[in-house]
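**Student:** Structure incoming, see below.
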Amino acid sequence: MWSFFHKLGSPPWLFRIAGSILRWLLPVTLVALAVGLVWGLLFTAPDFRQGNSYRIIYIHVPAAVVALAGYYVMAIAGAVSLIWKMKMADVAMKACAPIGAALTFIALVTGSIWGKPTWGTWWVWDARITSMLILLFLYLGVVALYEAYDNKEAAGKACAVLSLVGMVNIPIIYKSVDWWYSLHQPASIKFTGESTIDPSMLYPLLWMIVTFYALFTCCLLMNMRAELLEREARTNWVKKLAAENRA
Amino acid sequence: MSAPAEAPATGAFCLALLRRQLTLAARRPIEIGNPLLFFAMVVALFPLGLGPAPDKLAGFAPGILWIIALLSNLLTSETVFRSDFEDGSLEQLLLAPQPLFMSVLAYIGAHWLTTGLLLALVSPVFALMINLPGQAIGALVASLLLGTAVLSLVGGIGAALTVGLKRGGMLISLLILPFYMPVLIFGSAAVQNAVLGTPAVPYLAILGAMLCLAIALAPLAIAAGLRISVDA
Amino acid sequence: MYFDSLSAALSMDGHGAYVWSAYAISLLVLVLLVRAPRRRQQMFLRQLAGEQKRRQPGLTAKPEVE
Amino acid sequence: MSSGPSGEPLLAVHDLCLERGGRELFRDLSFEVRPGHLVQVDGPNGAGKTSLLRILAGLSRYGFEGRVERHSLLLYLGHQSAVKALLTPRENLAWHVAGESAYGDTEIEDALNKVGLYGYEDVPSHALSAGQHRRVNLARLYLSRSALWLLDEPFTAIDKGGVAELEKLLVEHVQRGGAVVMTSHQPLRVAYQVTMLSLTDGLPA
Amino acid sequence: MHPVRKQRLYLVLFVVLFSSAAAGLVMYALRGNINLFFPPAEVAQGKAPVGQPIRVGGMVLDGSVQRSDESLAVAFTLTDYQANVPVVYEGILPDLFGEGQGAVASGVLDEQGVLRASEVLAKHDENYMPPEVAHALEQSGFDHKGNAK
């Protein structure tokens with residue numbers, strides 16, 4: 001059991017694997033992102049009611065979906081780090097926070113811009129928007145708490161506790177549309193039953209969601225690599241790497 | 001060797017802790033008075049900032065009172081474990097054979113008794129200062145009784161996570177304000193409804209639900225946070 | 001392509017300002033997001049390499065020779 | 001009354017390794033503490049004595065490798081006295097946060113008497129000196145019902161007479177079937193076999 | 001029982017007990033009308049309080065929108081096809097506002113049962129489709145939700 005964790009938790013191994021995944025995943029993701037953006041912006045028809053403003057959906061929905069999923073990843077990594085005392089889970093958790101914060105920020109800003117032509121207002125204190133704002137605060141809180149600790153191992157544990165406590169918020173975000181009446185439309189993409197979005201609009205949206213997941217993974221791996229180096233600064237493999245880098 | 005030593009029962013231990021915390025608070029009466037004074041002074045700020053028109057103030061009164069209660073709780077939450085951390089009592093508490101999640105409840109209970117409870121009891125006076133209609137006083141006191149208990153529990157999590165940090169004060173606000181927001185929404189909604197003459201009980205029930213959830217989960221997080229802070 | 005001309009694509013029937021600004025802001029954030037860890041890693045490795053250089057006796061005074 | 005270590009271990013340590021700031025403090029440390037053991041942890045400053053004691057107590061829970069098994073209640077005295085200035089010595093002991101606190105009033109008076117605080121029971125602790133604070137803390141040893149004592153520099157700020165009293169108490173405790181793990185720079189002057197655990201200064205990695 | 005196990009058992013019982021109490025209280029609260037949102041049918045039944053801020057949501061009745069020539073004042077009727085609520089509003093309406101569309105008006109109900117709105121928001125549904133598709137659906141006798149008319 002422990003030896004398995006040790007292998008999985010071996011920093012140089014993880015650094016190398018993450019590097020080789022990134023070598024192909026990052027370019028693929030960036031190309032997919034460009035394709036998705038052009039597709040959504042220029043090659044889809046406008047909505048019969050909202051006109052062209054709905055094109056923001058191709059960036060708003062993926063960002064929001066992945067921002068929420070990112071919180072789950074962070075909290076689960078936190079739980080793993082607390083329960084099994086796995087250092088790599090700590091690193092992964094820490095790496096999630098800034099990415100999640102950025103995606104939540106994108107979701108909020110694009111939503112606000114979309115809201116103006118659609119609802120007639122930049123901002124409403126609707127349940128889902130408010131929960132999204134709270135999600136941003138939760139992410140920023142994790143970042144701030146991590147930075148405040150000198151002992152990075154303790155920082156990881158403290159952030160894990162905080163993100164687990166924040167998990168209580170996530171079901172409220174998901175359920176808020178059902179619990180309270182709000183301006184937000186119910187989910188358009190349904191896995192059971194028929195989607196209420198036309199296929200010509202659904203495919204680029206799904207494309208973008210997958211792309212954002214890939215982008216999240218890329219950023220996560222890159223952040224983890226950077227974090228690993230700093231944590232393992234005194235070990236031989238990092239020293240060797242720095243020497244190679246110098247040469 | 002004599003028979004294995006038996007530690008006192010958890011309940012007795014928690015009561016002893018509660019007495020200890022209350023005695024400590026009672027020997028520093030100024031620290032109990034400060035949040036109340038803060039409450040009174042911030043209440044006085046609103047008529048100065050918004051203008052003293054009574055009906056305008058009355059409209060904002062539920063929100064104003066709740067926000068101040070929240071802020072004064074925020075200011076005191078930071079101190080719950082601070083002195084115990086500094087003099088080494090906290091590490092002794094962690095070593096106690098009784099479950100830590102119960103003993104931290106005693107700390108939080110003492111904090112609530114010396115801040116939230118008192119605040120709820122004196123809040124009618126402040127409510128009158130900003131023209132909160134009389135029929136809402138009951139809902140105000142009830143919502144503050146329930147809500148400040150949630151605030152104390154949630155604030156305890158922030159306090160536990162930041163007690164080992166030199167500059168925890170600002171950070172604790174960032175960490176726990178997101179969790180205070182639902183309490184604020186339902187607390188002020190309860191008062192608002194009482195002002196309008198609609199039933200406040202559903203809102204109080206939601207606050208009660210939050211309190212139950214907080215009692216169930218916050219002690220675990222506080223205990224974990226304290227172990228991390230002492231270890232850091 | 002859905003739009004007939006570049007100007008039609010830019011104006012998007014009056015929604016262009018909203019759509020294009022939303023995309024621009026998002027792209028900006030994404031670029032920063034992707035670049036941050038790379039920069040951080042490069043900075044760190046350079047700093048570490050500098051430390052190693054300082055520790056090597058004799059090399060400190062000598063200028064770098066290609 | 002047993003005179004030597006025997007019986008089931010109160011504490012077992014397996015393959016403990018500790019690294020701090022890239023420096024290895026100790027490696028593959030394994031030992032057992034049984035009733036009757038009086039262990040003195042020895043080593044220069046920064047050798048990890050306090051860290052070791054905190055790991056044994058369970059206050060440090062990560063940052064090291066290895067396993068610690070605790071089989072008894074323990075009493076840990078750290079560098080800080082855990083005495084509340086606003087409480088009297090009597091209250092400090094009666095409501096002590098370490099959870100051993102079901103002591104009778106006379107027991108507390110006895111213990112305070114033994115550490116030389118007779119007559120100070122109900123004086124607010126902020127009126128006491130630093131040394132007296134430590135004595136209030138040491139009074140817990142007279143009250144303790146825990147078998148295993150972990151004492152970090154217990155002689156600090158204690159006068160000669162106090163040290164002799166304390167040494168006597170430690171021997172009594174281990175002879176009763178308890179065990180002591182303590183750090184100290186000065187050799188113990190006791191008529192009892194002291195097990196030495198030396199932490200040599202770790203070499204820079 | 002082993003003391004550590006016993007402690008864990010108590011912990012689990014404690015958490016379960018308080019969590020279920022929380023769930024019970026939420027159920028109780030949701031039975032009461034917790035939000036101030038009313039469909040027109042409930043307004044017609046007199047369930048909505050008069051003289052306090054509420055929100056009414058429904059569809060804008062076809063042919064009900066009357067705009068004033070001189071000012072931004074507008075009057076329309078919200079319906080849920082069971083009852084109607086007249087709304088008056090003064091201000092700029094969102095682009096998506098239109099007859100046959102969903103809208104939410106927040107304001108105060110007066111004695112005559114007219115909602116004096118301080119804010120009107122258009123609510124759009126979860127259906128997205130190109131105009132041609134919507135048009136084709138109309139032609140073939142479906143509404144935009146794909147339901148037969």
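Note on naming: chains are A, B, ... as they come in the structure tokens, residues start from 1 per chain, ligands start from 1 in the order shown.
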Identify all chain B residues at most 12 Å from chain A by counting only C-alpha atoms; ligands do not count. Present them as number ranges by chain.

**Tutor:** B: 154, 157-182, 185, 210, 213-214, 216-232

**Student:** Apply DSSP to the structure's backbone, then extract all residues of segment 54-148 of chain D labelled strand (DSSP E) and return them as a list in words.

**Tutor:**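 Of segment 54-148 of chain D, the ones in strand (DSSP E) are Phe64, Glu65, Gly66, Arg67, Val68, Glu69, Arg70, Leu74, Leu75, Tyr76, Leu77 and Leu148 of chain D.
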
**Student:** Contacts of Phe44 of chain C at 8 Å or less, counting only C-alpha atoms, minus same-chain residues fewer than 4 places along, as a PyMOL selection string?

**Tutor:** (chain A and resi 229-230) or (chain C and resi 40+48)

**Student:** Please save all heavy atoms of the selected residues as a PDB file, in the first residue's frame.

**Tutor:**
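This went into out.pdb:
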```
ATOM      1  N   LEU A 229       8.961  21.845  -8.093  1.00  0.00           N
ATOM      2  CA  LEU A 229      10.341  22.319  -8.118  1.00  0.00           C
ATOM      3  C   LEU A 229      10.649  23.121  -6.865  1.00  0.00           C
ATOM      4  O   LEU A 229      11.668  22.925  -6.216  1.00  0.00           O
ATOM      5  CB  LEU A 229      10.566  23.199  -9.346  1.00  0.00           C
ATOM      6  CG  LEU A 229      10.739  22.489 -10.674  1.00  0.00           C
ATOM      7  CD1 LEU A 229      11.060  23.503 -11.746  1.00  0.00           C
ATOM      8  CD2 LEU A 229      11.862  21.468 -10.575  1.00  0.00           C
ATOM      9  N   GLU A 230       9.723  24.020  -6.511  1.00  0.00           N
ATOM     10  CA  GLU A 230      10.003  24.893  -5.369  1.00  0.00           C
ATOM     11  C   GLU A 230      10.045  24.117  -4.066  1.00  0.00           C
ATOM     12  O   GLU A 230      10.836  24.399  -3.183  1.00  0.00           O
ATOM     13  CB  GLU A 230       8.969  26.019  -5.312  1.00  0.00           C
ATOM     14  CG  GLU A 230       9.283  27.071  -6.358  1.00  0.00           C
ATOM     15  CD  GLU A 230       8.219  28.128  -6.481  1.00  0.00           C
ATOM     16  OE1 GLU A 230       7.521  28.400  -5.487  1.00  0.00           O
ATOM     17  OE2 GLU A 230       8.080  28.687  -7.579  1.00  0.00           O
TER      18      GLU A 230
ATOM     19  N   ARG C  40       7.018  31.211 -13.784  1.00  0.00           N
ATOM     20  CA  ARG C  40       7.419  30.912 -12.411  1.00  0.00           C
ATOM     21  C   ARG C  40       8.504  29.837 -12.411  1.00  0.00           C
ATOM     22  O   ARG C  40       9.519  29.942 -11.708  1.00  0.00           O
ATOM     23  CB  ARG C  40       6.183  30.440 -11.652  1.00  0.00           C
ATOM     24  CG  ARG C  40       6.408  30.213 -10.194  1.00  0.00           C
ATOM     25  CD  ARG C  40       5.101  29.908  -9.507  1.00  0.00           C
ATOM     26  NE  ARG C  40       5.310  28.961  -8.438  1.00  0.00           N
ATOM     27  CZ  ARG C  40       4.353  28.173  -7.960  1.00  0.00           C
ATOM     28  NH1 ARG C  40       3.140  28.226  -8.450  1.00  0.00           N
ATOM     29  NH2 ARG C  40       4.616  27.353  -6.992  1.00  0.00           N
ATOM     30  N   LEU C  48      17.943  29.095  -9.144  1.00  0.00           N
ATOM     31  CA  LEU C  48      18.661  27.953  -8.593  1.00  0.00           C
ATOM     32  C   LEU C  48      20.009  27.799  -9.296  1.00  0.00           C
ATOM     33  O   LEU C  48      21.036  27.531  -8.656  1.00  0.00           O
ATOM     34  CB  LEU C  48      17.818  26.693  -8.783  1.00  0.00           C
ATOM     35  CG  LEU C  48      18.004  25.616  -7.740  1.00  0.00           C
ATOM     36  CD1 LEU C  48      17.600  26.118  -6.381  1.00  0.00           C
ATOM     37  CD2 LEU C  48      17.178  24.398  -8.116  1.00  0.00           C
TER      38      LEU C  48
END
```

**Student:** Which is closer to chain A than all the others in C:Ser11, C:Ala24, C:Leu32, C:Val19, using only C-alpha atoms?

**Tutor:**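 Ranking C:Ser11, C:Ala24, C:Leu32, C:Val19 by distance to chain A, first place goes to C:Val19.
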
**Student:** Which distance in Å separates atom CA of Val125 of chain B and atom CA of Leu24 of chain B, to one decimal?

**Tutor:** 27.1 Å

**Student:** What's the 9 Å shell around Asn92 of chain D, counting only C-alpha atoms, without same-chain residues fewer than 3 positions away, as a list in words?

**Tutor:**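 Here the answer would be Arg20 of chain B; Ala82, Val83, Lys84, Ala85, Leu87, Thr88, Pro89, Trp95, His96, Val97, Ser125, Val136 and Asn137 of chain D.
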
**Student:** Could the residues in this selection be written to a file with N, CA, C and O atoms, as a PDB file, in the first residue's frame?

**Tutor:**
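This is the output file part31.pdb:
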```pdb
ATOM      1  N   ARG B  20     -14.007  27.624  32.718  1.00  0.00           N
ATOM      2  CA  ARG B  20     -12.709  28.285  32.590  1.00  0.00           C
ATOM      3  C   ARG B  20     -12.818  29.457  31.621  1.00  0.00           C
ATOM      4  O   ARG B  20     -12.405  30.582  31.937  1.00  0.00           O
TER       5      ARG B  20
ATOM      6  N   ALA D  82       1.624  27.077  29.825  1.00  0.00           N
ATOM      7  CA  ALA D  82       0.184  26.843  29.731  1.00  0.00           C
ATOM      8  C   ALA D  82      -0.537  27.326  30.989  1.00  0.00           C
ATOM      9  O   ALA D  82      -1.534  26.739  31.406  1.00  0.00           O
ATOM     10  N   VAL D  83       0.005  28.357  31.622  1.00  0.00           N
ATOM     11  CA  VAL D  83      -0.655  28.910  32.806  1.00  0.00           C
ATOM     12  C   VAL D  83      -1.337  30.213  32.407  1.00  0.00           C
ATOM     13  O   VAL D  83      -0.715  31.089  31.803  1.00  0.00           O
ATOM     14  N   LYS D  84      -2.608  30.307  32.701  1.00  0.00           N
ATOM     15  CA  LYS D  84      -3.366  31.506  32.354  1.00  0.00           C
ATOM     16  C   LYS D  84      -3.164  32.573  33.428  1.00  0.00           C
ATOM     17  O   LYS D  84      -3.437  32.341  34.604  1.00  0.00           O
ATOM     18  N   ALA D  85      -2.706  33.739  33.028  1.00  0.00           N
ATOM     19  CA  ALA D  85      -2.403  34.794  33.984  1.00  0.00           C
ATOM     20  C   ALA D  85      -3.644  35.267  34.740  1.00  0.00           C
ATOM     21  O   ALA D  85      -3.548  35.702  35.884  1.00  0.00           O
ATOM     22  N   LEU D  87      -6.108  33.473  35.746  1.00  0.00           N
ATOM     23  CA  LEU D  87      -6.643  32.496  36.684  1.00  0.00           C
ATOM     24  C   LEU D  87      -5.663  32.294  37.833  1.00  0.00           C
ATOM     25  O   LEU D  87      -4.462  32.523  37.675  1.00  0.00           O
ATOM     26  N   THR D  88      -6.167  31.874  38.970  1.00  0.00           N
ATOM     27  CA  THR D  88      -5.291  31.563  40.092  1.00  0.00           C
ATOM     28  C   THR D  88      -4.654  30.194  39.853  1.00  0.00           C
ATOM     29  O   THR D  88      -5.153  29.427  39.024  1.00  0.00           O
ATOM     30  N   PRO D  89      -3.552  29.886  40.554  1.00  0.00           N
ATOM     31  CA  PRO D  89      -2.956  28.556  40.383  1.00  0.00           C
ATOM     32  C   PRO D  89      -3.974  27.446  40.619  1.00  0.00           C
ATOM     33  O   PRO D  89      -3.985  26.450  39.886  1.00  0.00           O
ATOM     34  N   TRP D  95      -9.099  23.487  36.240  1.00  0.00           N
ATOM     35  CA  TRP D  95      -9.726  23.502  34.908  1.00  0.00           C
ATOM     36  C   TRP D  95      -8.688  23.291  33.828  1.00  0.00           C
ATOM     37  O   TRP D  95      -8.794  23.839  32.740  1.00  0.00           O
ATOM     38  N   HIS D  96      -7.679  22.515  34.116  1.00  0.00           N
ATOM     39  CA  HIS D  96      -6.601  22.427  33.133  1.00  0.00           C
ATOM     40  C   HIS D  96      -7.085  21.791  31.847  1.00  0.00           C
ATOM     41  O   HIS D  96      -7.862  20.849  31.848  1.00  0.00           O
ATOM     42  N   VAL D  97      -6.616  22.377  30.723  1.00  0.00           N
ATOM     43  CA  VAL D  97      -7.105  21.935  29.426  1.00  0.00           C
ATOM     44  C   VAL D  97      -6.566  20.571  29.019  1.00  0.00           C
ATOM     45  O   VAL D  97      -7.012  20.012  28.030  1.00  0.00           O
ATOM     46  N   SER D 125      -2.539  34.583  38.855  1.00  0.00           N
ATOM     47  CA  SER D 125      -1.227  34.133  38.392  1.00  0.00           C
ATOM     48  C   SER D 125      -0.381  35.254  37.813  1.00  0.00           C
ATOM     49  O   SER D 125       0.833  35.137  37.736  1.00  0.00           O
ATOM     50  N   VAL D 136       3.838  26.099  38.867  1.00  0.00           N
ATOM     51  CA  VAL D 136       2.420  25.734  38.756  1.00  0.00           C
ATOM     52  C   VAL D 136       2.291  24.599  37.749  1.00  0.00           C
ATOM     53  O   VAL D 136       1.590  23.600  37.959  1.00  0.00           O
ATOM     54  N   ASN D 137       3.030  24.747  36.648  1.00  0.00           N
ATOM     55  CA  ASN D 137       2.996  23.734  35.608  1.00  0.00           C
ATOM     56  C   ASN D 137       3.524  22.402  36.142  1.00  0.00           C
ATOM     57  O   ASN D 137       2.964  21.342  35.879  1.00  0.00           O
TER      58      ASN D 137
END
```
